[in-house]
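A.B. asks: The structure is given below, and queries will be raised subsequently.
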Amino acid sequence: MTTGGYPPPQQDPRATGGHPGGAPSYGATPPDYTQQFPQYGAPQNGSPQYGAPQYGTPQYGTPQNGSPQFGAPQYGAPQYGAPQGGGFGGPGFPGPDPNFGTGTPGELLPRLGARIIDGLIVGIPMGILSAIMIIASGGSGFVNFFMTVVSGVVAFGYWTYMESARGATVGKKLLGLSVAGPAGGNPTLEQAAKRNAFVALQILTGVPLLGFLAGLLSLAAYIGIAVTIEQDGNKQGFHDKFAGGTRVRKS
């Protein structure tokens with residue numbers, strides 16, 4: 001039967017259980033829609049799946065050929081804490097003093113000659129002054145003792161100051177000698193004082209009895225210095241070693 005000239009609508013046989021013209025029969029098998037629509041999560045041919053590694057696609061954290069990895073040492077790159085070129089004496093690492101130990105050690109005879117010249121430079125003026133003071137005082141024993149002490153102080157101060165401030169006394173300069181400290185350069189005031197401590201024995205020569213003993217000690221010091229200078233390869237006397245390693249060298 002037609003309605004208004006139009007044919008009746010056709011029904012999908014699957015919706016009626018295989019009965020095109022009516023309602024589906026009771027107990028008919030429902031249509032399988034999974035054959036027409038893909039399921040969620042089911043792998044499809046040619047479709048990349050979520051989380052699955054793809055061929056040729058780099059994964060996070062996966063080492064790639066030729067790619068440096070985080071924390072891996074690279075060839076040619078300096079590592080933290082590794083010693084760099086330059087070694088000892090490079091920047092921030094200062095080297096030994098180039099003046100230390102240079103020059104030829106001073107021999108005994110020139111050093112003795114310099115000591116005699118300096119003794120005359122100090123002794124002659126002080127001797128003249130002492131004679132004047134003693135004569136003016138009428139031969140006072142106290143004046144004699146006082147001038148002996150002053151002469152010893154002046155002699156000790158002369159050698160100590162000249163070696164620490166100038167690097168050489170007048171006698172050493174005349175004979176081409178100089179004094180170097182343990183680390184090179186001029187010795188310090190303390191080092192020069194230790195080196196010439198035996199000269200200070202002259203201060204005690206004006207004391208009765210004690211002055212005789214001081215004279216013997218002074219003579220023994222000169223002999224000991226001469227012997228140790230000759231026996232030492234660097235020409236260092238025991239007074240040089242007592243001062244920490246001072247040395248006399250040819251300028």
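Every chain in the structure tokens takes a letter, A first, then B, and so on in the order presented; its residues are numbered from 1, and the ligands are numbered from 1 following the presented order.
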Which polymer residues have any atom within 7 Å of an atom of Ser251 (chain A), counting only C-alpha atoms, with same-chain residues fewer than 4 positions away left out, as a PyMOL selection string?
C.D. replies: chain A and resi 176-178
A.B. asks: Export, as a short mmCIF file (atom, residue, chain, number, x, y, z; two decimals), in the first residue's frame, the selected residues with C-alpha atoms.
C.D. replies:
```cif
data_model
loop_
_atom_site.label_atom_id
_atom_site.label_comp_id
_atom_site.auth_asym_id
_atom_site.auth_seq_id
_atom_site.Cartn_x
_atom_site.Cartn_y
_atom_site.Cartn_z
CA GLY A 176 132.46 41.37 44.53
CA LEU A 177 130.46 39.45 47.13
CA SER A 178 126.84 39.63 48.29
#
```
A.B. asks: Excluding Phe145 (chain A) and its own-chain neighbours fewer than 2 positions away, which residues fall within 9 Å of it when counting only C-alpha atoms? Please give them as a list in words.
C.D. replies: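 Once the adjacent positions are removed, what remains is Ser140, Gly141, Phe142, Val143, Met147, Thr148, Val149, Val150, Leu204, Thr205, Gly206 and Val207 of chain A.
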A.B. asks: Mind checking which residues fall within 12 Å of Pro125 (chain A), counting only C-alpha atoms, ignoring those fewer than 3 positions away in the same chain, and posting them as a list in words?
C.D. replies: Asp118, Gly119, Leu120, Ile121, Val122, Ile128, Leu129, Ser130, Ala131, Ile132, Met147, Val150, Ser151, Val154 and Ala155 of chain A
A.B. asks: Would you mind exporting the chosen residues as a tab-separated table (two decimals), in the first residue's frame, restricted to N, CA, C and O atoms?
C.D. replies:
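This is the output file out-v2.tsv:
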```tsv
chain	number	residue	atom	x	y	z
A	118	ASP	N	135.82	45.49	56.53
A	118	ASP	CA	134.70	46.03	57.32
A	118	ASP	C	135.13	46.29	58.77
A	118	ASP	O	134.67	47.26	59.40
A	119	GLY	N	135.99	45.41	59.29
A	119	GLY	CA	136.48	45.63	60.65
A	119	GLY	C	137.26	46.93	60.77
A	119	GLY	O	137.14	47.66	61.76
A	120	LEU	N	138.04	47.23	59.72
A	120	LEU	CA	138.77	48.50	59.72
A	120	LEU	C	137.84	49.70	59.57
A	120	LEU	O	138.05	50.74	60.20
A	121	ILE	N	136.79	49.52	58.71
A	121	ILE	CA	135.84	50.63	58.51
A	121	ILE	C	135.14	50.98	59.81
A	121	ILE	O	134.91	52.17	60.12
A	122	VAL	N	134.79	49.98	60.58
A	122	VAL	CA	134.11	50.23	61.86
A	122	VAL	C	135.11	50.51	62.98
A	122	VAL	O	134.92	51.42	63.81
A	128	ILE	N	139.42	55.63	67.42
A	128	ILE	CA	139.80	57.03	67.61
A	128	ILE	C	138.87	57.70	68.61
A	128	ILE	O	139.33	58.42	69.53
A	129	LEU	N	137.55	57.47	68.47
A	129	LEU	CA	136.58	58.08	69.38
A	129	LEU	C	136.78	57.58	70.82
A	129	LEU	O	136.72	58.37	71.79
A	130	SER	N	137.05	56.29	70.97
A	130	SER	CA	137.25	55.72	72.31
A	130	SER	C	138.50	56.33	72.97
A	130	SER	O	138.50	56.64	74.17
A	131	ALA	N	139.57	56.49	72.18
A	131	ALA	CA	140.80	57.07	72.73
A	131	ALA	C	140.57	58.50	73.21
A	131	ALA	O	141.05	58.90	74.29
A	132	ILE	N	139.85	59.25	72.43
A	132	ILE	CA	139.55	60.63	72.82
A	132	ILE	C	138.74	60.66	74.10
A	132	ILE	O	139.03	61.46	75.02
A	147	MET	N	132.74	52.66	76.15
A	147	MET	CA	133.13	52.75	74.73
A	147	MET	C	133.31	51.36	74.12
A	147	MET	O	133.08	51.17	72.93
A	150	VAL	N	129.77	50.35	73.29
A	150	VAL	CA	129.30	51.11	72.13
A	150	VAL	C	129.95	50.58	70.84
A	150	VAL	O	129.28	50.44	69.81
A	151	SER	N	131.23	50.29	70.89
A	151	SER	CA	131.92	49.76	69.70
A	151	SER	C	131.32	48.43	69.26
A	151	SER	O	131.16	48.17	68.06
A	154	VAL	N	127.89	49.11	67.66
A	154	VAL	CA	128.03	49.70	66.33
A	154	VAL	C	128.46	48.65	65.31
A	154	VAL	O	127.94	48.61	64.17
A	155	ALA	N	129.41	47.79	65.69
A	155	ALA	CA	129.87	46.75	64.76
A	155	ALA	C	128.75	45.78	64.42
A	155	ALA	O	128.53	45.43	63.24
```
A.B. asks: When you count only C-alpha atoms, which of these residues is closest to Ala114 (chain A): A:Lys250, A:Arg166, A:Lys172, A:Lys235?
C.D. replies: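 Using only C-alpha atoms, Ala114 (chain A) sits closest to A:Lys172.
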